[in-house]
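Asker: File follows, model_34.txt with compact mmCIF, C-alpha atoms:
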```
# COMPACT_ATOMS: atom_id res chain seq x y z
CA MET D 830 -13.56 -17.71 -3.96
CA ASP D 831 -14.25 -18.99 -0.43
CA ALA D 832 -12.86 -22.51 -0.09
CA SER D 833 -16.03 -23.54 1.76
CA VAL D 834 -18.14 -22.81 -1.31
CA THR D 835 -18.63 -25.72 -3.67
CA PRO D 836 -17.12 -24.77 -7.05
CA ARG D 837 -19.67 -24.36 -9.81
CA PRO D 838 -19.06 -25.56 -13.35
CA ALA D 839 -17.18 -23.22 -15.64
CA PRO D 840 -19.53 -21.12 -17.79
CA THR D 841 -19.21 -22.19 -21.40
CA ARG D 842 -18.22 -18.70 -22.49
CA ALA D 843 -14.74 -19.35 -21.02
CA ARG D 844 -12.03 -20.93 -23.12
CA PRO D 845 -10.74 -24.40 -22.22
CA PHE D 846 -7.56 -24.17 -20.17
CA GLU D 847 -5.48 -25.67 -22.98
CA LYS D 848 -6.43 -22.80 -25.29
CA THR D 849 -5.17 -20.23 -22.80
CA GLN D 850 -1.60 -21.52 -23.04
CA GLY D 851 -0.36 -19.54 -26.02
CA ARG D 852 3.30 -18.73 -26.50
CA THR D 853 4.51 -15.49 -24.91
CA PRO D 854 6.73 -13.29 -27.14
CA LEU D 855 10.26 -12.97 -25.78
CA TRP D 856 10.04 -9.20 -25.26
CA LEU D 857 6.83 -9.59 -23.28
CA ARG D 858 8.23 -12.42 -21.16
CA LEU D 859 11.26 -10.28 -20.33
CA TRP D 860 9.04 -7.36 -19.31
CA LEU D 861 6.63 -9.48 -17.25
CA GLY D 862 9.26 -11.76 -15.78
CA ARG D 863 7.05 -14.78 -16.55
CA ASP D 864 4.78 -16.26 -19.20
CA LEU D 865 1.57 -14.40 -19.99
CA ALA D 866 -0.54 -17.57 -19.90
CA PRO D 867 -2.32 -18.30 -16.61
CA SER D 868 -1.42 -21.25 -14.41
CA ARG D 869 -4.20 -23.72 -13.67
CA GLU D 870 -4.71 -22.10 -10.27
CA GLU D 871 -4.93 -18.61 -11.77
CA PHE D 872 -7.37 -19.70 -14.45
CA GLN D 873 -9.53 -21.57 -11.95
CA ALA D 874 -9.69 -18.43 -9.81
CA ALA D 875 -10.93 -16.50 -12.85
CA LEU D 876 -13.55 -19.17 -13.58
CA ASP D 877 -14.72 -19.08 -9.96
CA GLY D 878 -14.93 -15.30 -10.18
CA LEU D 879 -17.55 -15.61 -12.91
CA TRP D 880 -19.94 -16.79 -10.19
CA VAL D 881 -19.16 -14.02 -7.67
CA GLY D 882 -20.92 -10.67 -7.66
CA ASP D 883 -20.46 -7.88 -5.12
CA PRO D 884 -21.35 -9.52 -1.79
CA ALA D 885 -21.46 -6.31 0.27
CA MET D 886 -23.72 -4.38 -2.13
CA ASP D 887 -25.73 -7.48 -3.05
CA GLU D 888 -26.48 -7.93 0.66
CA LEU D 889 -27.57 -4.29 0.91
CA VAL D 890 -29.85 -4.61 -2.12
CA ALA D 891 -31.42 -7.76 -0.63
CA TRP D 892 -32.15 -5.72 2.51
CA MET D 893 -33.67 -2.94 0.37
CA GLU D 894 -36.04 -5.48 -1.18
CA GLU D 895 -37.30 -6.50 2.26
CA TYR D 896 -37.35 -2.97 3.68
CA GLY D 897 -38.95 -1.49 0.57
CA ARG D 898 -36.83 -0.54 -2.40
CA GLY D 899 -38.12 3.04 -2.50
CA ARG D 900 -37.64 3.66 1.22
CA GLY D 901 -34.27 1.94 1.25
CA HIS D 902 -33.09 3.88 -1.79
CA LYS D 903 -34.04 7.19 -0.15
CA LEU D 904 -31.97 6.35 2.93
CA PHE D 905 -29.07 5.20 0.73
CA GLN D 906 -29.10 8.51 -1.13
CA GLN D 907 -29.02 10.53 2.09
CA ALA D 908 -26.14 8.45 3.46
CA LEU D 909 -24.34 8.81 0.13
CA LYS D 910 -24.67 12.61 0.02
CA GLN D 911 -24.48 13.51 3.71
CA GLY D 912 -22.85 10.52 5.38
CA VAL D 913 -24.51 7.68 7.23
CA ASP D 914 -24.26 9.61 10.52
CA SER D 915 -26.80 12.09 9.13
CA LEU D 916 -29.48 9.41 9.47
CA THR D 917 -31.47 9.01 12.66
CA ASP D 918 -31.69 5.37 13.75
CA ALA D 919 -30.16 4.18 10.49
CA PRO D 920 -30.87 0.50 9.72
CA GLU D 921 -27.93 -1.75 10.59
CA PRO D 922 -27.38 -3.10 7.02
CA LEU D 923 -26.99 0.48 5.76
CA VAL D 924 -24.63 1.42 8.59
CA ARG D 925 -22.55 -1.72 8.02
CA PHE D 926 -22.14 -1.02 4.30
CA PHE D 927 -21.19 2.65 4.67
CA ARG D 928 -18.85 2.02 7.58
CA ARG D 929 -17.02 -0.42 5.30
CA VAL D 930 -16.61 2.01 2.38
CA GLU D 931 -15.88 5.02 4.60
CA ASN D 932 -13.01 3.12 6.24
CA ARG D 933 -10.28 3.52 3.65
CA PRO D 934 -7.85 0.62 3.26
CA ASP D 935 -4.42 1.22 4.80
CA TRP D 936 -2.79 0.95 1.38
CA VAL D 937 -4.47 4.11 0.01
CA ASP D 938 -1.86 6.84 -0.58
CA PRO D 939 -3.43 10.33 -1.03
CA GLU D 940 -0.32 11.69 -2.72
CA LEU D 941 -0.44 8.95 -5.36
CA LEU D 942 -4.15 9.58 -5.88
CA GLU D 943 -3.44 13.25 -6.57
CA LEU D 944 -0.49 12.50 -8.83
CA GLY D 945 -2.59 10.02 -10.82
CA ALA D 946 -5.41 12.55 -11.22
CA ARG D 947 -3.08 15.34 -12.31
CA PHE D 948 -1.33 13.09 -14.82
CA ILE D 949 -4.70 12.15 -16.32
CA HIS D 950 -5.61 15.84 -16.57
CA GLY D 951 -2.47 16.46 -18.57
CA THR D 952 -3.28 13.76 -21.13
CA GLY D 953 -6.06 15.95 -22.53
CA GLU D 954 -7.77 14.64 -25.64
CA GLY D 955 -5.53 11.57 -25.71
CA ALA D 956 -7.33 10.04 -22.74
CA THR D 957 -10.77 10.56 -24.28
CA PHE D 958 -9.71 8.86 -27.52
CA VAL D 959 -8.17 5.89 -25.71
CA LEU D 960 -11.19 5.31 -23.49
CA ARG D 961 -13.68 5.58 -26.31
CA ASP D 962 -11.92 4.09 -29.32
CA LEU D 963 -9.83 1.40 -27.64
CA ALA D 964 -11.24 0.44 -24.25
CA LEU D 965 -14.97 0.84 -24.97
CA MET D 966 -14.99 -0.10 -28.65
CA GLY D 967 -12.60 -3.00 -28.11
CA GLY D 968 -14.70 -4.22 -25.20
CA TYR D 969 -17.60 -4.88 -27.57
CA LEU D 970 -15.54 -7.70 -29.11
CA LEU D 971 -16.13 -9.62 -25.88
CA SER D 972 -19.76 -10.55 -26.22
CA GLY D 973 -20.06 -11.73 -22.62
CA PHE D 974 -19.94 -8.06 -21.59
CA ASN D 975 -22.83 -7.28 -23.91
CA GLN D 976 -25.44 -9.63 -22.48
CA SER D 977 -26.67 -7.38 -19.70
CA LEU D 978 -27.32 -4.69 -22.32
CA VAL D 979 -29.27 -7.18 -24.41
CA LEU D 980 -31.61 -8.24 -21.63
CA THR D 981 -32.11 -4.78 -20.15
CA GLY D 982 -33.21 -3.47 -23.54
CA ALA D 983 -30.25 -1.11 -23.88
CA LEU D 984 -28.43 -2.82 -26.74
CA THR D 985 -28.46 0.09 -29.15
CA GLU D 986 -30.87 2.48 -27.48
CA GLY D 987 -29.28 5.14 -25.32
CA THR D 988 -25.72 4.81 -26.61
CA GLY D 989 -25.16 8.54 -26.14
CA ARG D 990 -26.58 8.33 -22.64
CA ARG D 991 -24.26 5.47 -21.66
CA VAL D 992 -21.19 7.19 -23.10
CA ALA D 993 -22.09 10.50 -21.47
CA ARG D 994 -22.73 8.98 -18.07
CA THR D 995 -19.49 7.02 -18.22
CA GLY D 996 -17.68 10.20 -19.23
CA HIS D 997 -19.13 12.21 -16.35
CA TRP D 998 -18.29 9.43 -13.90
CA TRP D 999 -14.71 9.29 -15.21
CA ILE D 1000 -14.37 13.07 -14.86
CA ASP D 1001 -15.66 12.94 -11.28
CA CYS D 1002 -13.33 10.09 -10.31
CA THR D 1003 -10.25 11.76 -11.76
CA GLU D 1004 -10.71 15.15 -10.12
CA VAL D 1005 -8.14 15.93 -7.43
CA GLY D 1006 -9.88 14.81 -4.24
CA GLY D 1007 -12.72 13.31 -6.27
CA LEU D 1008 -12.64 10.02 -4.37
CA GLU D 1009 -12.72 11.56 -0.90
CA PRO D 1010 -15.82 10.56 1.12
CA LEU D 1011 -18.84 12.58 -0.05
CA ALA D 1012 -16.92 14.00 -3.03
CA ALA D 1013 -18.43 13.72 -6.51
CA GLY D 1014 -16.35 10.73 -7.68
CA TYR D 1015 -16.99 8.84 -4.45
CA ARG D 1016 -20.74 9.41 -4.70
CA ALA D 1017 -20.89 8.59 -8.40
CA THR D 1018 -18.94 5.36 -7.92
CA LEU D 1019 -21.20 4.09 -5.16
CA GLN D 1020 -24.24 5.08 -7.20
CA VAL D 1021 -22.98 3.02 -10.15
CA ARG D 1022 -22.21 0.17 -7.76
CA LEU D 1023 -25.81 0.20 -6.55
CA VAL D 1024 -27.16 0.18 -10.11
CA HIS D 1025 -24.91 -2.77 -10.99
CA ALA D 1026 -26.20 -4.72 -8.00
CA LEU D 1027 -29.84 -3.99 -8.87
CA VAL D 1028 -29.27 -5.10 -12.48
CA ARG D 1029 -27.40 -8.20 -11.29
CA ARG D 1030 -30.24 -9.15 -8.95
CA ASP D 1031 -32.91 -8.65 -11.59
CA LEU D 1032 -31.06 -10.49 -14.37
CA ASP D 1033 -30.05 -13.34 -12.08
CA ARG D 1034 -33.74 -14.07 -11.53
CA ARG D 1035 -34.72 -14.03 -15.19
CA GLU D 1036 -35.36 -17.27 -17.01
CA ASP D 1037 -33.75 -15.95 -20.18
CA TRP D 1038 -30.41 -15.32 -18.46
CA ASP D 1039 -28.27 -18.32 -19.50
CA HIS D 1040 -26.30 -19.09 -16.34
CA GLU D 1041 -24.69 -22.16 -17.86
CA ARG D 1042 -23.17 -20.00 -20.57
CA TRP D 1043 -22.61 -16.62 -18.90
CA GLY D 1044 -22.27 -17.33 -15.18
CA LEU D 1045 -23.48 -14.57 -12.85
CA PRO D 1046 -24.49 -11.23 -14.39
CA LEU D 1047 -21.94 -8.46 -13.84
CA SER D 1048 -19.55 -10.82 -12.06
CA GLN D 1049 -16.30 -9.98 -10.29
CA VAL D 1050 -14.29 -11.00 -13.34
CA ASP D 1051 -16.36 -8.73 -15.59
CA MET D 1052 -15.80 -5.84 -13.18
CA VAL D 1053 -12.07 -6.58 -13.02
CA ALA D 1054 -11.69 -6.51 -16.80
CA THR D 1055 -13.58 -3.20 -16.89
CA TYR D 1056 -11.44 -1.70 -14.12
CA LEU D 1057 -8.25 -2.66 -15.93
CA GLY D 1058 -9.55 -0.93 -19.04
CA PHE D 1059 -9.36 2.40 -17.19
CA SER D 1060 -5.82 1.73 -16.01
CA VAL D 1061 -3.74 -0.78 -17.98
CA VAL D 1062 -5.46 -0.26 -21.33
CA MET D 1063 -5.46 3.50 -20.82
CA LEU D 1064 -1.72 3.66 -20.13
CA ASN D 1065 -0.81 1.51 -23.11
CA GLY D 1066 -3.13 3.47 -25.39
CA LEU D 1067 -1.64 6.79 -24.29
CA ARG D 1068 1.84 5.59 -25.22
CA LEU D 1069 0.58 4.47 -28.62
CA LEU D 1070 -0.74 7.99 -29.18
CA GLY D 1071 2.68 9.50 -28.39
CA ILE D 1072 2.14 10.48 -24.75
CA PRO D 1073 5.12 9.36 -22.63
CA VAL D 1074 4.39 7.77 -19.24
CA THR D 1075 7.03 7.63 -16.51
CA PRO D 1076 7.16 4.70 -14.03
CA THR D 1077 5.94 6.98 -11.24
CA GLU D 1078 2.99 8.18 -13.34
CA SER D 1079 2.12 4.61 -14.24
CA ARG D 1080 2.12 3.62 -10.58
CA ALA D 1081 -0.03 6.63 -9.67
CA VAL D 1082 -2.67 5.88 -12.32
CA MET D 1083 -2.78 2.23 -11.27
CA HIS D 1084 -3.19 3.33 -7.65
CA LEU D 1085 -6.02 5.75 -8.40
CA TRP D 1086 -8.01 3.10 -10.22
CA ARG D 1087 -7.18 0.47 -7.64
CA TYR D 1088 -8.93 2.60 -5.04
CA ALA D 1089 -11.78 3.70 -7.34
CA CYS D 1090 -12.58 0.11 -8.15
CA TRP D 1091 -12.28 -0.98 -4.52
CA LEU D 1092 -15.10 1.51 -3.96
CA MET D 1093 -16.87 -0.03 -6.97
CA GLY D 1094 -16.88 -3.42 -5.25
CA VAL D 1095 -13.90 -5.18 -6.85
CA GLN D 1096 -12.49 -7.52 -4.22
CA GLU D 1097 -8.97 -7.12 -2.84
CA GLN D 1098 -7.72 -10.35 -4.39
CA TRP D 1099 -8.20 -8.84 -7.88
CA LEU D 1100 -6.66 -5.43 -7.26
CA VAL D 1101 -3.10 -4.81 -8.45
CA ASP D 1102 -0.34 -2.28 -7.74
CA THR D 1103 1.63 -2.23 -10.96
CA GLU D 1104 1.01 -2.11 -14.67
CA LYS D 1105 2.79 -5.47 -15.12
CA GLU D 1106 0.48 -7.14 -12.62
CA GLY D 1107 -2.47 -5.46 -14.32
CA ALA D 1108 -1.45 -6.70 -17.77
CA LEU D 1109 -1.31 -10.27 -16.46
CA ARG D 1110 -4.62 -9.97 -14.64
CA LEU D 1111 -6.30 -8.45 -17.71
CA HIS D 1112 -5.08 -11.26 -19.96
CA HIS D 1113 -6.25 -13.92 -17.52
CA THR D 1114 -9.73 -12.39 -17.19
CA LEU D 1115 -10.03 -12.03 -20.97
CA MET D 1116 -9.50 -15.78 -21.28
CA THR D 1117 -12.94 -16.17 -19.66
CA GLN D 1118 -14.66 -13.90 -22.17
CA SER D 1119 -16.60 -15.01 -25.21
CA GLN D 1120 -15.86 -14.30 -28.85
CA PRO D 1121 -17.75 -11.68 -30.91
CA ASP D 1122 -21.36 -12.46 -31.76
CA TRP D 1123 -24.29 -10.54 -33.25
CA THR D 1124 -24.26 -8.05 -30.36
CA THR D 1125 -20.74 -6.90 -31.26
CA PRO D 1126 -21.55 -5.04 -34.51
CA GLU D 1127 -24.83 -3.75 -33.08
CA LEU D 1128 -23.07 -1.99 -30.23
CA ALA D 1129 -20.01 -0.99 -32.24
CA ARG D 1130 -22.01 0.67 -35.01
CA ALA D 1131 -24.12 2.55 -32.48
CA LEU D 1132 -20.97 3.82 -30.76
CA ALA D 1133 -19.36 4.72 -34.08
CA ARG D 1134 -22.40 6.82 -35.06
CA GLU D 1135 -22.65 8.49 -31.67
CA PRO D 1136 -20.40 11.50 -32.60
CA LEU D 1137 -22.98 12.45 -35.23
CA ALA D 1138 -25.18 13.60 -32.33
CA HIS D 1139 -22.56 15.73 -30.57
CA ARG D 1140 -23.35 19.33 -29.72
CA PHE D 1141 -21.13 22.06 -31.14
CA PRO D 1142 -21.76 25.83 -31.01
CA ARG D 1143 -20.61 26.44 -34.60
CA LEU D 1144 -20.29 24.44 -37.84
CA GLN D 1145 -22.09 21.58 -36.13
CA SER D 1146 -22.67 19.39 -39.19
CA VAL D 1147 -19.06 19.63 -40.39
CA ARG D 1148 -17.60 19.07 -36.94
CA ARG D 1149 -19.83 16.07 -36.31
CA ARG D 1150 -18.63 14.38 -39.51
CA LEU D 1151 -15.02 15.21 -38.73
CA ARG D 1152 -15.32 13.83 -35.22
CA TYR D 1153 -16.98 10.67 -36.59
CA HIS D 1154 -14.05 10.01 -38.94
CA MET D 1155 -11.44 10.91 -36.32
CA HIS D 1156 -12.82 8.29 -33.94
CA LEU D 1157 -13.14 5.64 -36.63
CA SER D 1158 -9.54 6.17 -37.71
CA THR D 1159 -8.38 5.95 -34.10
CA SER D 1160 -10.21 2.65 -33.57
CA ARG D 1161 -8.60 1.37 -36.77
CA TYR D 1162 -5.18 2.36 -35.42
CA PHE D 1163 -5.69 0.66 -32.07
CA LEU D 1164 -7.62 -2.43 -33.14
CA GLY D 1165 -6.47 -3.25 -36.67
CA LYS D 1166 -8.31 -4.23 -39.82
CA GLU D 1167 -9.49 -7.67 -38.70
CA LYS D 1168 -11.08 -6.43 -35.49
CA MET D 1169 -12.74 -3.60 -37.43
CA ARG D 1170 -14.32 -6.29 -39.59
CA GLN D 1171 -15.48 -8.20 -36.50
CA LEU D 1172 -16.97 -4.99 -35.13
CA GLY D 1173 -18.89 -4.47 -38.35
CA LEU D 1174 -17.08 -1.17 -39.01
CA PRO D 1175 -15.66 -0.01 -42.35
CA GLU D 1176 -12.45 -1.93 -43.05
CA HIS D 1177 -11.14 0.58 -45.59
CA ILE D 1178 -10.71 3.27 -42.93
CA LEU D 1179 -7.07 4.31 -42.54
CA PRO D 1180 -5.53 5.36 -39.19
CA TRP D 1181 -4.87 8.84 -40.55
CA PHE D 1182 -5.70 10.86 -37.46
CA PRO D 1183 -3.40 9.09 -34.94
CA LEU D 1184 -0.56 8.86 -37.46
CA MET D 1185 -0.78 12.57 -38.26
CA THR D 1186 -0.79 13.60 -34.61
CA ILE D 1187 1.65 11.22 -32.87
CA ALA D 1188 4.81 13.25 -33.50
CA PRO D 1189 3.30 16.67 -32.67
CA ARG D 1190 1.64 15.20 -29.57
CA PHE D 1191 4.88 13.60 -28.37
CA THR D 1192 6.75 16.87 -28.87
CA TYR D 1193 4.07 18.92 -27.12
CA TYR D 1194 3.76 16.65 -24.09
CA SER D 1195 7.50 16.09 -23.75
CA SER D 1196 8.24 19.82 -23.86
CA HIS D 1197 5.55 20.76 -21.33
CA ARG D 1198 5.65 18.12 -18.66
CA PHE D 1199 9.10 18.58 -17.12
CA LEU D 1200 8.95 22.29 -16.24
CA PRO D 1201 6.59 23.17 -13.35
CA GLY D 1202 4.93 26.18 -15.00
CA LEU D 1203 4.41 24.43 -18.32
CA ARG D 1204 3.29 21.23 -16.61
CA GLU D 1205 0.55 23.08 -14.75
CA ARG D 1206 -0.60 24.72 -17.97
CA LEU D 1207 -0.61 21.31 -19.69
CA GLN D 1208 -2.82 19.92 -16.94
CA GLN D 1209 -5.19 22.87 -16.96
CA ARG D 1210 -5.61 22.87 -20.72
CA GLY D 1211 -5.89 19.10 -20.86
CA ARG D 1212 -8.59 19.01 -18.21
CA ALA D 1213 -10.52 21.79 -19.90
CA PHE D 1214 -10.49 19.76 -23.12
CA GLN D 1215 -11.68 16.61 -21.33
CA LYS D 1216 -14.59 18.42 -19.72
CA ALA D 1217 -15.49 20.07 -23.00
CA ALA D 1218 -15.39 16.69 -24.78
CA VAL D 1219 -17.78 15.19 -22.24
CA GLY D 1220 -19.94 18.29 -22.59
CA THR D 1221 -20.47 17.63 -26.30
CA LEU D 1222 -22.17 14.28 -25.53
CA ARG D 1223 -25.91 14.00 -25.69
CA GLU D 1224 -27.60 11.98 -22.96
CA SER D 1225 -30.81 11.47 -24.91
```
Written as structure tokens, how would this file's structure read?
Answerer:
Amino acid sequence: MDASVTPRPAPTRARPFEKTQGRTPLWLRLWLGRDLAPSREEFQAALDGLWVGDPAMDELVAWMEEYGRGRGHKLFQQALKQGVDSLTDAPEPLVRFFRRVENRPDWVDPELLELGARFIHGTGEGATFVLRDLALMGGYLLSGFNQSLVLTGALTEGTGRRVARTGHWWIDCTEVGGLEPLAAGYRATLQVRLVHALVRRDLDRREDWDHERWGLPLSQVDMVATYLGFSVVMLNGLRLLGIPVTPTESRAVMHLWRYACWLMGVQEQWLVDTEKEGALRLHHTLMTQSQPDWTTPELARALAREPLAHRFPRLQSVRRRLRYHMHLSTSRYFLGKEKMRQLGLPEHILPWFPLMTIAPRFTYYSSHRFLPGLRERLQQRGRAFQKAAVGTLRES
């Protein structure tokens, strides 16, 4: 946060500093090279981040309001799809924003972006299970994330739509070259960034948004925790499913999402290079998040039931039920019995699907990834599965 800005009081959703100072297991301390708990300075930075949105996009949205949201949105869409230079006499706020995002940071490495994308392709179904049953389902335990859904009327309505749109965005971002200017992932990311800013602006003005408790809607810290779900949480979840990750692959995935989330509006101070840095940053941001409340089971149950609406060409009823139980068992494996209870999901579910598939998956991935011909086939088949999985989702 800018030192010239007067610090605002910590939102009450954050834990007191003393409760963030838990003991770090020895193995984790050895891996991290330090304690997991944040210092006072690190925790204060996270608290300050709860009051920061996306200044560049927030400024552009404020201009749209004055210029006319409809007119401004039309110009934004043309600049997004064709480049800002396609506009005649483009308004300065629009030019300023697109010049900023079109000017890639010096740290972006195209080779790492490609390596990260190709590794993700090769993870096949494993990636889709981690994102859905660990990152998304586990995120519902943090009720601070849920509040924007409550006040926008999307708490349980449109679960399939949200999952499908997130899936399509993830596919676009992880295509080789998907984050190049004007490519699908680039466009989709800036589109999501605009929607976030519009929601933030609208919620920030509402009397029923509890600033004292929640801080700013869709704050920097909330975006950081989400970004790390696609990178740090993903990598750890893949390992738990039996998919080995080399140090180079880890670095490449972290790099891809570092750039994707720079485009999304996450500020440089929050972006990280390595999985170790990401694990620390994720833990520190989670210390600012609230405990489960009534929104947690509402969202979790809606997500759990979502596979029952999937589209399959044959044996649809049977495959829907199978997919429903596969996802529940995977959440049970990742999250444990107590968190399943907090999510309002069946506690008796056993982690049968991950346990049955870990050894075969490890063998398959290990045998395919180190020979060029087999590695390419692994990536092609894995990507085909990911696209097919997203294709089964209903957006209605």
Asker: I need the residue nearest Leu1203 (chain D) from this list: D:Gly951, D:Gly973, D:Gly1173, D:Pro1076. Use only C-alpha atoms for the distance.
Answerer: D:Gly951
Asker: Pick the closest to Leu1064 (chain D) from D:Ala1089, D:Val1147, D:Ala956, D:Leu970: which is it, counting all atoms listed in the file?
Answerer: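 Among D:Ala1089, D:Val1147, D:Ala956, D:Leu970, it is D:Ala956 that comes nearest to Leu1064 (chain D).
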Asker: Do you know which residues are at most 9 Å from Gln906 (chain D) counting all atoms listed in the file, after dropping those on the same chain fewer than 5 positions away, and could you put them as a ChimeraX atom specification?
Answerer: /D:901,911,1020
Asker: Leu876 (chain D): which residues within 10 Å, counting all atoms listed in the file, same-chain residues fewer than 5 positions away excluded, as a VMD selection string?
Answerer: chain D and resid 830 836 to 840 843 to 844 870 to 871 881 1044 1050 1113 to 1114 1116 to 1117
Asker: Which residues are close to Arg928 (chain D), i.e. within 12 Å by all atoms listed in the file, leaving aside same-chain residues fewer than 3 positions away? Reply as a VMD selection string.
Answerer: chain D and resid 885 908 to 909 912 to 914 919 921 to 925 931 to 934 1010
Asker: Measuring between only C-alpha atoms, which one of D:Ile1000, D:Leu941, D:Leu1184, D:Met1093 shows the shortest distance to Phe1214 (chain D)?
Answerer: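 Of D:Ile1000, D:Leu941, D:Leu1184, D:Met1093, the one nearest Phe1214 (chain D) is D:Ile1000, counting only C-alpha atoms.
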Asker: Once 8 Å is added on each side, what are the centre and the three edge lengths, in Å to one decimal, of the axis-aligned box enclosing the listed atoms of region 1137-1152 of chain D? Present them as lines of an AutoDock Vina configuration file.
Answerer:
```
center_x = -20.1
center_y = 19.4
center_z = -35.1
size_x = 26.2
size_y = 30.0
size_z = 26.7
```
Asker: Using all atoms listed in the file, determine which residues lie at most 12 Å from Thr995 (chain D), disregarding the query and same-chain residues fewer than 2 positions distant; provide the list as a PyMOL selection string.
Answerer: chain D and resi 957+960-961+965+988-993+997-1002+1014+1017-1018+1021+1055+1059+1219+1222+1224
Asker: I'd like to know which of D:His1139, D:Arg1029, D:Lys1105, D:Lys1216 is closest to Ser1048 (chain D), using all atoms listed in the file.
Answerer: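 The answer is D:Arg1029, which sits nearest to Ser1048 (chain D).
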Asker: Select, from D:Arg1087, D:Arg1034, D:Arg1148, D:Arg1170, the residue with the minimum atom-to-atom distance to Glu1106 (chain D), counting all atoms listed in the file.
Answerer: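 That would be D:Arg1087, the residue with the smallest distance to Glu1106 (chain D).
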Asker: For Arg1030 (chain D), which residue among D:Val1061, D:Leu1045, D:Val1074, D:Leu944 is the nearest when counting all atoms listed in the file?
Answerer: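 The closest residue to Arg1030 (chain D) is D:Leu1045.
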Asker: Rounded to one decimal in Å, what is the spacing between CA of Gly1107 (chain D) and CA of Thr853 (chain D)?
Answerer: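 These two atoms are separated by 16.2 Å.
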Asker: Would you compute the distance between CA of Ser1119 (chain D) and CA of His1177 (chain D)? Give it in Å to one decimal.
Answerer: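 Interatomic distance, CA of Ser1119 (chain D) to CA of His1177 (chain D): 26.2 Å.
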Asker: Taking 6 positions as the minimum chain separation for residues in the same chain, which residues sit within 10 Å of Arg852 (chain D) when counting only C-alpha atoms? Answer as a compact mmCIF listing (two decimals) with C-alpha atoms, keeping the file's coordinate frame.
Answerer:
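Written file, result.txt:
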```txt
# COMPACT_ATOMS: atom_id res chain seq x y z
CA ARG D 858 8.23 -12.42 -21.16
CA ASP D 864 4.78 -16.26 -19.20
CA LEU D 865 1.57 -14.40 -19.99
CA ALA D 866 -0.54 -17.57 -19.90
```
